[in-house]
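What follows is the content of data.txt, which has compact mmCIF, C-alpha atoms (C1' of nucleotides):
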# COMPACT_ATOMS: atom_id res chain seq x y z
CA MET A 15 -210.59 10.98 -119.29
CA HIS A 16 -207.25 9.94 -117.87
CA ILE A 17 -204.66 8.79 -120.38
CA ASP A 18 -201.73 6.77 -119.10
CA VAL A 19 -198.86 5.27 -121.10
CA ASN A 20 -198.37 1.57 -120.33
CA SER A 21 -194.91 1.01 -118.78
CA ALA A 22 -193.86 4.32 -120.29
CA PHE A 23 -190.08 4.20 -119.93
CA LEU A 24 -189.89 0.57 -121.00
CA SER A 25 -192.24 1.03 -123.97
CA TRP A 26 -190.38 4.09 -125.17
CA THR A 27 -186.98 2.43 -124.88
CA ALA A 28 -188.41 -0.63 -126.69
CA ILE A 29 -189.50 1.54 -129.63
CA ASP A 30 -186.16 3.32 -129.75
CA LEU A 31 -184.26 0.03 -129.76
CA LEU A 32 -186.46 -1.37 -132.55
CA ASN A 33 -185.91 1.78 -134.59
CA ASN A 34 -182.17 1.30 -134.18
CA GLY A 35 -182.12 -2.25 -135.48
CA PHE A 36 -182.27 -4.06 -132.13
CA GLY A 37 -183.67 -7.44 -133.15
CA LYS A 38 -186.25 -7.92 -130.40
CA ASP A 39 -189.00 -6.11 -128.57
CA ILE A 40 -188.04 -5.78 -124.90
CA ARG A 41 -191.73 -5.48 -124.02
CA GLU A 42 -191.97 -9.19 -124.79
CA GLU A 43 -189.16 -10.34 -122.45
CA TYR A 44 -188.25 -10.23 -118.76
CA ALA A 45 -187.02 -6.66 -118.80
CA VAL A 46 -186.71 -3.55 -116.65
CA ILE A 47 -185.43 -0.02 -117.05
CA SER A 48 -182.98 0.81 -114.28
CA GLY A 49 -180.20 3.22 -113.38
CA ASP A 50 -176.58 2.14 -113.01
CA GLU A 51 -175.98 -0.07 -109.98
CA SER A 52 -172.26 0.76 -109.84
CA LYS A 53 -173.26 4.40 -109.36
CA ARG A 54 -175.79 3.37 -106.69
CA HIS A 55 -178.68 4.31 -108.97
CA GLY A 56 -179.91 0.75 -109.33
CA ILE A 57 -183.66 0.87 -108.85
CA VAL A 58 -186.45 -0.33 -111.12
CA LEU A 59 -187.97 2.60 -113.07
CA ALA A 60 -190.24 0.51 -115.31
CA LYS A 61 -190.94 -3.16 -115.93
CA SER A 62 -192.35 -5.36 -118.69
CA ASP A 63 -195.52 -7.40 -118.16
CA LYS A 64 -193.44 -10.55 -117.86
CA ALA A 65 -191.22 -8.94 -115.22
CA LYS A 66 -194.34 -7.81 -113.41
CA GLN A 67 -195.59 -11.39 -113.38
CA LYS A 68 -192.41 -12.32 -111.51
CA GLY A 69 -193.46 -9.92 -108.78
CA ILE A 70 -191.07 -7.10 -109.69
CA ILE A 71 -192.37 -3.70 -108.67
CA THR A 72 -191.40 -0.18 -109.67
CA GLY A 73 -189.11 1.48 -107.15
CA GLU A 74 -187.48 -1.63 -105.76
CA SER A 75 -183.77 -2.24 -105.97
CA LEU A 76 -182.38 -3.95 -109.04
CA TYR A 77 -180.67 -6.32 -106.63
CA ASN A 78 -184.06 -7.37 -105.32
CA ALA A 79 -185.57 -7.61 -108.80
CA ARG A 80 -182.78 -9.93 -109.92
CA ARG A 81 -183.47 -12.23 -107.00
CA LYS A 82 -187.07 -12.53 -108.18
CA CYS A 83 -186.01 -13.04 -111.79
CA PRO A 84 -182.37 -14.13 -112.26
CA ASN A 85 -182.44 -13.89 -116.07
CA LEU A 86 -183.74 -10.32 -116.02
CA ASN A 87 -182.67 -8.05 -118.88
CA VAL A 88 -181.76 -4.54 -117.75
CA TYR A 89 -181.79 -1.43 -119.91
CA ALA A 90 -180.64 2.10 -119.08
CA PRO A 91 -183.07 5.01 -119.07
CA ASP A 92 -182.84 7.73 -121.73
CA TYR A 93 -184.54 10.82 -120.36
CA HIS A 94 -184.10 12.87 -123.52
CA LEU A 95 -185.92 10.21 -125.49
CA TYR A 96 -188.69 10.14 -122.88
CA GLU A 97 -189.16 13.91 -123.12
CA GLU A 98 -189.50 13.61 -126.89
CA MET A 99 -191.99 10.75 -126.74
CA SER A 100 -193.97 12.61 -124.10
CA ASP A 101 -194.09 15.72 -126.29
CA CYS A 102 -195.32 13.63 -129.24
CA LEU A 103 -198.16 12.21 -127.15
CA PHE A 104 -199.35 15.54 -125.79
CA LYS A 105 -199.09 17.14 -129.23
CA LEU A 106 -201.29 14.44 -130.69
CA LEU A 107 -203.84 14.91 -127.90
CA SER A 108 -203.85 18.66 -128.33
CA THR A 109 -205.16 18.22 -131.88
CA TYR A 110 -208.44 17.18 -130.21
CA THR A 111 -208.71 19.63 -127.34
CA PRO A 112 -206.77 22.35 -125.54
CA ASP A 113 -208.22 21.13 -122.23
CA ILE A 114 -205.32 18.89 -121.24
CA GLU A 115 -203.89 18.74 -117.75
CA ILE A 116 -200.45 17.16 -117.79
CA LEU A 117 -199.87 15.20 -114.58
CA SER A 118 -196.45 13.76 -115.30
CA ILE A 119 -194.23 12.78 -118.23
CA ASP A 120 -196.56 9.96 -119.22
CA GLU A 121 -200.09 10.81 -118.11
CA CYS A 122 -202.70 13.49 -118.39
CA PHE A 123 -206.36 14.33 -118.03
CA ILE A 124 -208.56 15.67 -120.79
CA ASP A 125 -211.95 17.27 -120.19
CA TYR A 126 -214.17 15.40 -122.63
CA THR A 127 -217.37 17.14 -121.53
CA LYS A 128 -216.46 20.17 -123.59
CA ILE A 129 -215.79 18.25 -126.81
CA LYS A 130 -218.38 15.51 -126.58
CA LYS A 131 -220.66 17.35 -129.03
CA LEU A 132 -217.80 17.29 -131.52
CA TYR A 133 -216.68 13.68 -131.15
CA GLY A 134 -219.67 11.81 -129.81
CA ASP A 135 -219.79 8.88 -127.42
CA GLU A 136 -216.81 8.90 -125.08
CA ILE A 137 -216.17 5.17 -125.07
CA ALA A 138 -216.05 4.92 -128.85
CA PHE A 139 -213.81 7.99 -128.93
CA ALA A 140 -211.43 6.56 -126.32
CA HIS A 141 -211.02 3.37 -128.32
CA LYS A 142 -210.28 5.31 -131.50
CA LEU A 143 -207.84 7.54 -129.63
CA LYS A 144 -205.86 4.73 -128.06
CA ASP A 145 -205.64 2.91 -131.41
CA LYS A 146 -204.47 6.05 -133.13
CA ILE A 147 -201.73 6.54 -130.53
CA LYS A 148 -200.61 2.95 -130.99
CA GLN A 149 -200.60 3.27 -134.76
CA GLU A 150 -198.89 6.64 -135.02
CA LEU A 151 -196.54 6.58 -132.04
CA GLY A 152 -195.98 2.86 -131.55
CA PHE A 153 -196.90 2.49 -127.89
CA THR A 154 -200.05 1.57 -126.01
CA VAL A 155 -202.01 3.56 -123.44
CA ASN A 156 -204.82 2.93 -121.02
CA ILE A 157 -207.71 5.35 -121.01
CA GLY A 158 -209.94 5.73 -117.98
CA ILE A 159 -213.33 7.44 -118.21
CA GLY A 160 -215.24 8.83 -115.25
CA ASN A 161 -217.48 11.60 -114.02
CA ASN A 162 -214.47 13.23 -112.36
CA LYS A 163 -210.69 13.10 -112.37
CA LEU A 164 -210.38 10.65 -109.49
CA CYS A 165 -212.65 8.08 -111.13
CA ALA A 166 -210.98 8.49 -114.51
CA LYS A 167 -207.60 7.97 -112.90
CA MET A 168 -208.69 4.91 -110.98
CA ALA A 169 -210.30 3.49 -114.14
CA SER A 170 -207.16 3.83 -116.25
CA ASP A 171 -205.40 1.64 -113.70
CA PHE A 172 -207.82 -1.29 -113.88
CA GLN A 173 -206.53 -3.78 -116.42
CA LYS A 174 -203.49 -3.18 -118.58
CA PRO A 175 -202.27 -2.76 -121.24
CA ASP A 176 -204.05 -1.20 -124.21
CA LYS A 177 -207.47 -0.92 -122.56
CA VAL A 178 -210.35 1.51 -122.12
CA HIS A 179 -212.23 1.38 -118.81
CA THR A 180 -215.08 3.36 -117.30
CA LEU A 181 -215.76 4.19 -113.69
CA TYR A 182 -219.01 6.14 -113.70
CA GLN A 183 -220.62 7.12 -110.44
CA HIS A 184 -223.07 4.20 -110.60
CA GLU A 185 -220.15 1.77 -111.04
CA VAL A 186 -218.21 2.84 -107.95
CA LYS A 187 -219.74 0.21 -105.72
CA ALA A 188 -219.09 -2.67 -108.11
CA LYS A 189 -215.71 -1.64 -109.53
CA LEU A 190 -214.01 0.47 -106.87
CA TRP A 191 -215.15 -0.83 -103.53
CA PRO A 192 -213.74 -4.39 -103.84
CA LEU A 193 -210.17 -3.09 -104.40
CA PRO A 194 -207.59 -3.19 -101.58
CA ILE A 195 -207.29 0.06 -99.70
CA ASN A 196 -203.73 0.80 -100.82
CA GLU A 197 -204.88 1.09 -104.44
CA LEU A 198 -206.91 4.22 -103.78
CA TYR A 199 -205.22 7.34 -105.14
CA GLY A 200 -203.79 9.32 -102.25
CA ILE A 201 -203.57 6.35 -99.89
CA GLY A 202 -199.95 5.30 -99.72
CA LYS A 203 -197.96 2.83 -97.69
CA LYS A 204 -198.18 4.52 -94.30
CA THR A 205 -201.87 5.35 -94.45
CA SER A 206 -202.92 1.95 -95.73
CA GLU A 207 -200.94 0.24 -92.96
CA LYS A 208 -202.71 2.41 -90.42
CA LEU A 209 -206.10 1.74 -92.00
CA ILE A 210 -205.56 -2.00 -92.01
CA THR A 211 -204.88 -1.97 -88.26
CA LEU A 212 -208.31 -0.31 -87.97
CA ASN A 213 -209.75 -3.21 -89.95
CA ILE A 214 -210.32 -1.04 -93.02
CA LYS A 215 -209.03 -3.30 -95.77
CA THR A 216 -210.89 -2.38 -98.94
CA ILE A 217 -211.92 0.89 -100.54
CA GLY A 218 -215.50 -0.12 -99.73
CA ASP A 219 -214.62 -0.44 -96.04
CA LEU A 220 -213.31 3.13 -96.10
CA ALA A 221 -216.30 4.41 -98.09
CA ASN A 222 -218.68 3.21 -95.41
CA ILE A 223 -216.70 4.00 -92.27
CA ASP A 224 -218.14 6.29 -89.60
CA TYR A 225 -216.72 9.77 -90.05
CA ASN A 226 -216.32 10.45 -86.33
CA PHE A 227 -214.42 7.20 -85.89
CA LEU A 228 -212.03 8.02 -88.74
CA TYR A 229 -211.60 11.60 -87.55
CA LYS A 230 -210.03 10.33 -84.33
CA TYR A 231 -207.15 8.86 -86.30
CA PHE A 232 -206.81 11.11 -89.35
CA LYS A 233 -208.14 14.50 -88.28
CA ASN A 234 -208.67 16.81 -91.22
CA GLN A 235 -207.73 14.15 -93.76
CA ALA A 236 -210.69 11.96 -92.76
CA ALA A 237 -213.38 13.71 -94.81
CA SER A 238 -211.48 13.70 -98.09
CA MET A 239 -210.43 10.09 -97.57
CA ILE A 240 -214.06 9.00 -97.29
CA GLU A 241 -215.01 11.15 -100.29
CA SER A 242 -212.29 9.55 -102.44
CA ALA A 243 -213.44 6.07 -101.46
CA ASN A 244 -216.94 7.05 -102.65
CA GLY A 245 -215.58 8.27 -105.97
CA ILE A 246 -216.26 11.89 -105.12
CA ASP A 247 -213.87 14.54 -106.43
CA HIS A 248 -214.63 18.17 -107.26
CA SER A 249 -211.27 19.18 -108.71
CA LEU A 250 -211.21 20.57 -112.23
CA VAL A 251 -209.12 19.80 -115.28
CA ILE A 252 -206.69 22.70 -115.36
CA SER A 253 -205.15 23.01 -118.80
CA ASN A 254 -202.73 25.90 -118.56
CA SER A 255 -200.02 24.20 -116.57
CA LEU A 256 -199.09 26.20 -113.50
CA PRO A 257 -195.57 27.51 -113.02
CA PRO A 258 -193.42 25.33 -110.75
CA LYS A 259 -193.46 26.14 -107.03
CA GLY A 260 -189.84 25.15 -106.62
CA ILE A 261 -186.82 23.78 -108.43
CA SER A 262 -184.71 21.02 -106.98
CA HIS A 263 -181.84 18.79 -107.85
CA SER A 264 -180.21 16.05 -105.86
CA ILE A 265 -177.47 13.52 -106.46
CA THR A 266 -176.86 10.15 -104.89
CA LEU A 267 -173.08 9.98 -104.88
CA GLU A 268 -171.07 7.04 -106.18
CA ARG A 269 -169.47 6.80 -102.74
CA ASP A 270 -170.19 8.43 -99.42
CA LEU A 271 -168.40 11.73 -98.89
CA THR A 272 -166.64 12.36 -95.62
CA THR A 273 -165.06 15.81 -95.84
CA LYS A 274 -166.67 19.22 -95.99
CA GLU A 275 -164.56 20.21 -98.97
CA GLU A 276 -165.90 17.28 -101.00
CA ILE A 277 -169.47 18.18 -100.10
CA TYR A 278 -168.83 21.84 -101.02
CA GLU A 279 -167.75 20.72 -104.49
CA VAL A 280 -170.95 18.76 -104.98
CA LEU A 281 -173.00 21.67 -103.69
CA GLN A 282 -171.31 23.95 -106.20
CA MET A 283 -172.12 21.60 -109.06
CA ILE A 284 -175.75 21.28 -108.01
CA VAL A 285 -176.15 25.04 -107.46
CA GLU A 286 -174.87 25.62 -110.99
CA ARG A 287 -177.66 23.41 -112.31
CA VAL A 288 -180.58 24.73 -110.31
CA ALA A 289 -179.50 28.35 -110.81
CA ILE A 290 -179.37 27.94 -114.58
CA SER A 291 -182.77 26.32 -114.52
CA LEU A 292 -184.07 29.17 -112.38
CA ARG A 293 -182.76 31.84 -114.75
CA LYS A 294 -184.09 29.94 -117.76
CA GLN A 295 -187.55 30.24 -116.24
CA HIS A 296 -187.00 33.92 -115.37
CA LYS A 297 -187.58 33.24 -111.69
CA TYR A 298 -186.00 34.31 -108.43
CA ALA A 299 -185.98 32.25 -105.23
CA TYR A 300 -186.52 33.42 -101.67
CA VAL A 301 -185.91 30.09 -99.99
CA VAL A 302 -182.81 27.92 -100.28
CA VAL A 303 -182.92 24.37 -98.90
CA VAL A 304 -180.06 21.92 -98.49
CA ASN A 305 -180.94 18.26 -98.09
CA LEU A 306 -178.55 15.52 -96.97
CA LYS A 307 -178.91 11.76 -96.65
CA ASN A 308 -176.45 9.86 -94.50
CA GLN A 309 -175.09 6.34 -94.87
CA PHE A 310 -178.08 4.98 -92.95
CA PHE A 311 -180.53 6.60 -95.40
CA LYS A 312 -181.63 9.14 -92.83
CA SER A 313 -182.52 12.44 -94.53
CA TYR A 314 -182.48 15.86 -92.99
CA SER A 315 -182.80 19.36 -94.36
CA HIS A 316 -181.96 22.90 -93.44
CA GLN A 317 -183.39 25.99 -95.08
CA VAL A 318 -183.28 29.74 -94.98
CA LYS A 319 -185.48 32.51 -96.29
CA LEU A 320 -183.43 35.27 -97.88
CA LYS A 321 -184.11 38.99 -97.48
CA ASN A 322 -183.98 39.29 -101.25
CA ALA A 323 -185.01 36.73 -103.82
CA THR A 324 -182.04 35.80 -105.96
CA ASN A 325 -181.02 33.98 -109.12
CA ILE A 326 -177.30 34.57 -108.72
CA THR A 327 -175.27 31.37 -108.62
CA ASN A 328 -172.74 32.70 -106.19
CA GLU A 329 -175.28 34.04 -103.72
CA ILE A 330 -177.06 30.69 -103.74
CA PHE A 331 -173.78 28.81 -103.39
CA GLU A 332 -172.64 30.90 -100.41
CA THR A 333 -176.04 30.32 -98.81
CA THR A 334 -175.85 26.56 -99.27
CA LYS A 335 -172.34 26.50 -97.79
CA ARG A 336 -173.61 28.31 -94.73
CA LEU A 337 -176.53 25.92 -94.39
CA LEU A 338 -174.21 22.94 -94.73
CA ASP A 339 -171.89 24.32 -92.03
CA GLU A 340 -174.84 24.60 -89.68
CA MET A 341 -176.40 21.21 -90.35
CA TRP A 342 -173.68 18.71 -91.21
CA LYS A 343 -173.07 16.27 -88.37
CA ASN A 344 -169.63 15.29 -89.59
CA GLU A 345 -170.89 11.96 -90.89
CA PRO A 346 -170.57 10.19 -94.25
CA ILE A 347 -173.04 11.60 -96.77
CA ARG A 348 -174.78 9.53 -99.45
CA LEU A 349 -176.94 12.18 -101.10
CA VAL A 350 -176.69 15.93 -101.49
CA GLY A 351 -179.69 17.92 -102.69
CA ILE A 352 -180.70 21.52 -103.13
CA ARG A 353 -184.14 23.00 -103.53
CA LEU A 354 -185.06 26.56 -104.43
CA ASP A 355 -188.47 27.54 -103.13
CA SER A 356 -190.86 30.49 -102.88
CA LEU A 357 -190.20 31.46 -106.47
CA VAL A 358 -191.18 34.90 -107.74
CA ASP A 359 -191.12 36.53 -111.16
CA SER A 360 -188.82 39.42 -110.34
CA ASP A 361 -186.41 40.15 -107.56
CA HIS A 362 -187.91 43.46 -106.29
CA TYR A 363 -184.48 44.05 -104.89
CA GLN A 364 -184.40 45.73 -101.48
CA GLN A 365 -181.10 47.51 -101.29
CA SER A 366 -179.29 47.04 -98.04
CA LEU A 367 -177.15 49.86 -96.64
CA PHE A 368 -174.15 47.60 -96.65
CA GLU A 369 -174.34 46.08 -100.10
CA ASP A 370 -172.71 47.05 -103.32
CA VAL A 371 -175.53 47.20 -105.84
CA VAL A 372 -173.22 47.89 -108.78
CA ASP A 373 -171.37 44.71 -107.99
CA ARG A 374 -174.60 42.71 -107.89
CA GLU A 375 -175.69 44.03 -111.28
CA LYS A 376 -172.28 43.15 -112.70
CA GLN A 377 -172.61 39.66 -111.29
CA LYS A 378 -176.01 39.21 -112.93
CA LYS A 379 -174.71 40.35 -116.31
CA LEU A 380 -171.72 38.04 -116.03
CA GLU A 381 -173.97 35.07 -115.36
CA GLU A 382 -176.16 35.96 -118.34
CA VAL A 383 -173.06 35.78 -120.53
CA ILE A 384 -172.02 32.46 -119.00
CA ASP A 385 -175.49 30.98 -119.51
CA ASN A 386 -175.38 31.99 -123.15
CA LEU A 387 -171.94 30.46 -123.65
CA LYS A 388 -173.12 27.25 -122.08
CA SER A 389 -176.24 26.98 -124.19
CA LYS A 390 -174.19 27.64 -127.33
CA TYR A 391 -171.11 25.53 -126.69
CA GLY A 392 -172.19 23.03 -124.05
CA HIS A 393 -172.08 22.80 -120.30
CA HIS A 394 -168.38 22.12 -120.02
CA ILE A 395 -167.20 25.21 -121.85
CA ILE A 396 -166.87 27.11 -118.59
CA LYS A 397 -166.94 26.07 -114.96
CA PRO A 398 -165.69 27.17 -111.57
CA ALA A 399 -161.96 26.62 -111.06
CA ALA A 400 -162.78 24.63 -107.92
CA LEU A 401 -164.47 21.97 -110.05
CA SER A 402 -161.57 21.65 -112.49
CA LYS A 403 -159.56 18.44 -112.39
CA ASN A 404 -156.37 20.31 -113.36
CA LYS A 405 -156.50 23.14 -110.93
CA LYS A 406 -152.79 23.86 -111.23
CA LYS A 407 -152.97 24.43 -114.97
CA MET A 408 -155.60 27.12 -114.58
CA ASN A 409 -154.55 30.72 -114.78
C1' DT B 25 -173.08 -3.33 -106.36
C1' DC B 26 -179.69 -3.40 -102.03
C1' DT B 27 -182.46 1.04 -101.64
C1' DG B 28 -183.22 7.50 -107.78
C1' DG B 29 -185.01 11.97 -108.67
C1' DG B 30 -188.41 15.66 -109.20
C1' DG B 31 -192.31 17.31 -107.54
C1' DT B 32 -196.77 18.84 -104.27
C1' DC B 33 -199.14 19.24 -100.08
C1' DC B 34 -199.82 18.95 -95.10
C1' DT B 35 -198.73 19.25 -90.13
C1' DA B 36 -196.56 20.47 -85.89
C1' DG B 37 -194.04 23.48 -83.15
C1' DG B 38 -191.79 27.77 -82.11
C1' DA B 39 -191.26 32.84 -82.56
C1' DC B 40 -193.55 36.84 -82.69
C1' DC B 41 -197.36 40.21 -82.63
C1' DC B 42 -201.53 42.37 -80.76
C1' DT C 5 -204.16 35.52 -58.69
C1' DC C 6 -199.26 31.97 -62.20
C1' DT C 7 -199.50 32.39 -66.92
C1' DG C 8 -205.59 33.69 -72.77
C1' DG C 9 -206.33 33.61 -77.34
C1' DG C 10 -206.04 34.56 -82.13
C1' DG C 11 -203.25 35.22 -85.97
C1' DT C 12 -199.05 34.97 -89.19
C1' DC C 13 -194.61 33.46 -90.56
C1' DC C 14 -190.89 30.28 -90.58
C1' DT C 15 -188.68 25.73 -90.29
C1' DA C 16 -188.37 20.68 -90.29
C1' DG C 17 -190.18 16.56 -91.41
C1' DG C 18 -193.19 13.37 -93.56
C1' DA C 19 -196.67 11.36 -96.86
C1' DC C 20 -197.72 10.83 -101.37
C1' DC C 21 -197.42 10.89 -106.51
C1' DC C 22 -195.00 9.32 -111.00
Translate the structure described by the file into structure tokens.
Amino acid sequence: MHIDVNSAFLSWTAIDLLNNGFGKDIREEYAVISGDESKRHGIVLAKSDKAKQKGIITGESLYNARRKCPNLNVYAPDYHLYEEMSDCLFKLLSTYTPDIEILSIDECFIDYTKIKKLYGDEIAFAHKLKDKIKQELGFTVNIGIGNNKLCAKMASDFQKPDKVHTLYQHEVKAKLWPLPINELYGIGKKTSEKLITLNIKTIGDLANIDYNFLYKYFKNQAASMIESANGIDHSLVISNSLPPKGISHSITLERDLTTKEEIYEVLQMIVERVAISLRKQHKYAYVVVVNLKNQFFKSYSHQVKLKNATNITNEIFETTKRLLDEMWKNEPIRLVGIRLDSLVDSDHYQQSLFEDVVDREKQKKLEEVIDNLKSKYGHHIIKPAALSKNKKKMN
DNA sequence: TCTGGGGTCCTAGGACCC
DNA sequence: TCTGGGGTCCTAGGACCC
């Protein structure tokens, strides 16, 4: 089964507003959740059914959405709230089974095969489950049932909200094949455009295409594309969520930055964040990546693999500065991002002849102390002098 | 005041090795 | 007599997902 919260961010904000005495349910009006336009974060993160009927889609600019629906009501996202609501949902589900694979903040798979003996017919169970979620948590979900994850996921997407759908193997032809090709999981904008030029317009078209023909255009992807279109998927529900492969953070700036010093300051801020997150997870990173986006929305990245995995803020910061020096084309920058990759559980430190190991150990201890101060007294209790607004007052 | 942020996976090309 | 083939690792970029 695939369980998917209907318009998650919007539903969750709606509940929160109702709980705080807001007189109306924003699920019933022309509403979207969006970031702050003045900070250049104005894109649609979630929409109500009514907004959807106006043609508003997730991911488009708020500017665009307003043109489709001039009297649109806009609400800010609250990520802390969303984490809490998400936790509540997964906790409720885990009272039924430990076999839950969390896909994102608002959706997951459960392996019903293993608990069918306990709870009986899956369709009856799914209805009871969705009603229980609505009653106890206040929001609706769609539940898709299938013989594998792909079919369950496609089924949960059929008709919304508050519905249970099945997509068993024998239903693939009737329920999956008529859908437009871009609705197949794994087929995005680029691939569907390419497929349409090949006259492959529906999932059924893809399901029945000649493999050798498709191979010419999609190489190794061809086989799995045809399998998906036939509702075939051998992947398993993996309950114990895997550790992250990387940690990243990026910021779209309120205005484009034009000097290296300004970009350094942003880098420093972002490094602080990712490094703390890294240490919190007891990880060390081998690879440091800097990503930039220029005023024309062109992104480019530069990365380096370190000799030694690190979790030391300063080592990461110095690395990102070096990367920036090498890659920056002296042009206005809209977004600055950092990613830490190739994470390992311990640093297996290889001492270099020219390094001061004592100093490195001291640095690590210092950062442990700083992390503790921050978690006790808040993020702003201590920060690099370079990020202080009153640099002259600092001792 | 048009266009976010956090992820995963894949591919292509170059360096390098035997 | 101009120049293989297989393999790994690294980097950059892109597609896709929510």
Review point. Got a sec to check which residues sit within 7 Å of (-216.6, 1.7, -102.0), counting all atoms listed in the file, and write them as a list in words?
Key: Val186, Lys187, Leu190, Trp191, Pro192, Ile217, Gly218, Asp219, Leu220, Ala221, Ala243 and Asn244 of chain A
Exercise for review: Could you please select, counting all atoms listed in the file, the residues of chain C within 10 Å of chain A and state them as an MDAnalysis selection string?
Suggested key: chainID C and resid 14:17 19:22
Review point. What separation in Å, quoted to one decimal, exists between C1' of DG28 in chain B and CA of His55 in chain A?
Key: 5.7 Å
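Taking CA of Lys274 in chain A and CA of Val301 in chain A as the two end points, the separation is 22.5 Å.
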Exercise for review: Give me the residues within 12 Å of Pro84 in chain A as a PyMOL selection string, counting all atoms listed in the file and dropping any in the same chain fewer than 4 places off.
Suggested key: chain A and resi 44-45+65+68+70+76-80+88
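CA of Ile116 in chain A to CA of Ser249 in chain A spans 14.3 Å [interatomic distance, one decimal].
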Point to revise | Close residues, Thr180 in chain A itself excluded, 12 Å, only C-alpha atoms (C1' of nucleotides), min 4 positions apart in chain, as a PyMOL selection string | key: chain A and resi 15-16+136-138+140-141+156-173+184-186+188-190
**Study point:** Test item: residues at most 10 Å from Tyr298 in chain A, only C-alpha atoms (C1' of nucleotides), excluding those fewer than 5 positions along its chain, as a VMD selection string
**Key:** chain A and resid 289 292 to 293 322 to 326 354 to 362
Box time for range 252-261 of chain A: axis-aligned, enclosing all its listed atoms, 8 Å extra on each side; report centre and edge lengths in Å to one decimal, as JSON.
{"center_x": -196.8, "center_y": 25.1, "center_z": -112.7, "size_x": 35.9, "size_y": 20.8, "size_z": 28.2}
Review point. Which residue out of A:His179, A:Arg374, A:Lys379, A:Lys174 has the minimum interatomic distance to Asp63 in chain A when all atoms listed in the file are used?
Key: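 Going through A:His179, A:Arg374, A:Lys379, A:Lys174 one by one, the smallest distance to Asp63 in chain A is for A:Lys174.
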